[in-house]
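As structure tokens, the structure follows; a few thoughts come after it.
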Amino acid sequence: MIMKWIFQLLGLAALAALSLSGIEAKQFEDKFGRVMVAELVSHTGADGNIVKIDKGGKKMDVKIDVFSEKDQQFIRDWMKNTPPTLDYAFRVQAVKKKLSETKGSRGYYSGKTEVYVYEITITNLTRQPVSELRIEHRTASEGRSKSFKFQSGTESIKGPLRYNDRHTFVSIPAKIESASGRSYRGYGSSYSFKESLLGVILRIYGPDGEPVKEWKSPGSRMEQVSWDDAEQSDSSPKRGFTGEDDDDDDKDGDRGNGRPRFDEKDIDALRKLLESGENPFRNRGGNNGDGKEPDVKPEDFSKKFGSR
């Protein structure tokens, strides 16, 4: 009896101290009459059997049935009036799969187009069923200028997804291109590029719209990728000659057979380069008096690609 009285006295003193510090706490009693002062922090649902408490600055999970019947009822009432909080935990796996590969050539250029997707599996490691989740995912690749490009997609989990259950989906297809070629008649500089697929970065959002998990594929290049990059980047590919935004419309039919695209802007840019004094594809023979003709003449270009 004396020990119980001492414990109760200490509990009241601790409760008074917490009240003075502005912390909302309560003195609880267990089935054996032992007391403690703690704050109810969170729970995972009104029907759950565990409650998280803060005892002296240390958070811990406690089974509700260890409390006295009176305090059990108090905790149950609190749980009904307090929205649940889940300690979300997930395991994420992303496996790269090639959908197609096409090769083609046009003139002095050859190209290859590969299409990949990622099979993404989300495993629920939360100790409670989860539902109403949104997954924003970005497939990251390295473009022709070594800058990051992203393909965006969204997936939802309606649930309930129980502990250790899995949800698998496929990302938006990502197109990876490469091309190589030489200048007209084989003289001068060559032109080549090769894009590369880096991985996936994703965020999982809870029912309240707040992010609860961020994950990205391993790899040295992916370490440099941030979610801000994925959100702010323009995912449009760049053209090799003009540097202007590309699009996915198969206007000239060359995308479908794996050939690199040469549209009017590209050809016009190359035509101007050939006609200018900055043309790297020709020698200067016609201008320095040695009697040699230029490697590439404007009329040669017109015969191959057509005049304006």
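The chains in the structure tokens are called A, B, ... from first to last as shown; in each chain the residues are counted from 1, and the ligands are counted from 1 in the order shown.
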
- Quick one: pick out all strand (DSSP E or B) residues within stretch 81-191 of chain A from a backbone DSSP run and write them as a VMD selection string. chain A and resid 90 to 106 109 to 124 130 133 to 142 148 to 157 161 166 to 170 174 to 182 190 to 191

Shell of 9 Å around A:Thr85, only C-alpha atoms, local chain residues under 3 positions omitted, as a compact mmCIF listing (two decimals) with N, CA and C atoms, in the first residue's frame:
# COMPACT_ATOMS: atom_id res chain seq x y z
N SER A 42 -0.47 8.73 -30.92
CA SER A 42 -1.14 8.34 -32.17
C SER A 42 -1.64 6.91 -32.06
N HIS A 43 -2.48 6.56 -33.03
CA HIS A 43 -2.98 5.19 -33.13
C HIS A 43 -3.18 4.88 -34.60
N THR A 44 -3.36 3.60 -34.91
CA THR A 44 -3.47 3.19 -36.31
C THR A 44 -4.90 2.91 -36.75
N GLY A 45 -5.85 3.11 -35.85
CA GLY A 45 -7.25 2.88 -36.18
C GLY A 45 -8.06 2.63 -34.93
N TYR A 88 3.84 4.54 -42.00
CA TYR A 88 3.95 3.88 -43.30
C TYR A 88 5.35 3.31 -43.50

- Which residues in stretch 120-246 of chain A does DSSP call alpha helix (DSSP H)? List them as a ChimeraX atom specification. /A:227-232

- Pick from A:Ile75, A:Leu161, A:Ile201, A:Ala94 nearest to A:Arg138, counting only C-alpha atoms: A:Ile201

Considering only C-alpha atoms, return as a PDB file with C-alpha atoms, in the first residue's frame whatever protein or nucleic-acid residues lie within 10 Å of A:Gln72, sequence-local ones (same chain, fewer than 4 positions apart) excluded.
ATOM      1  CA  PHE A  28      -2.457   6.285 -16.402  1.00  0.00           C
ATOM      2  CA  GLU A  29      -2.807   3.182 -14.265  1.00  0.00           C
ATOM      3  CA  ASP A  30      -2.231  -0.423 -15.292  1.00  0.00           C
ATOM      4  CA  LYS A  63      -0.893  -2.649 -25.852  1.00  0.00           C
ATOM      5  CA  ILE A  64      -4.159  -1.148 -24.719  1.00  0.00           C
ATOM      6  CA  ASP A  65      -5.127  -4.158 -22.590  1.00  0.00           C
ATOM      7  CA  VAL A  66      -2.263  -3.519 -20.122  1.00  0.00           C
ATOM      8  CA  PHE A  67      -4.110  -0.433 -18.831  1.00  0.00           C
ATOM      9  CA  SER A  68      -6.816  -0.465 -16.212  1.00  0.00           C
ATOM     10  CA  ARG A  76     -10.804   4.007 -26.773  1.00  0.00           C
ATOM     11  CA  ASP A  77     -12.808   7.231 -26.579  1.00  0.00           C
ATOM     12  CA  TRP A  78      -9.705   9.215 -27.508  1.00  0.00           C
TER      13      TRP A  78
END

- Task: Take atom CA of A:Val62 and atom CA of A:Phe90 and report the distance between them in Å, one decimal.
- Result: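 Going from atom CA of A:Val62 over to atom CA of A:Phe90 covers 22.8 Å.
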
- Message: Excluding A:Pro160 and its own-chain neighbours fewer than 6 positions away, which residues fall within 9 Å of it when counting only C-alpha atoms? Please give them as a PyMOL selection string.
- Response: chain A and resi 129-132
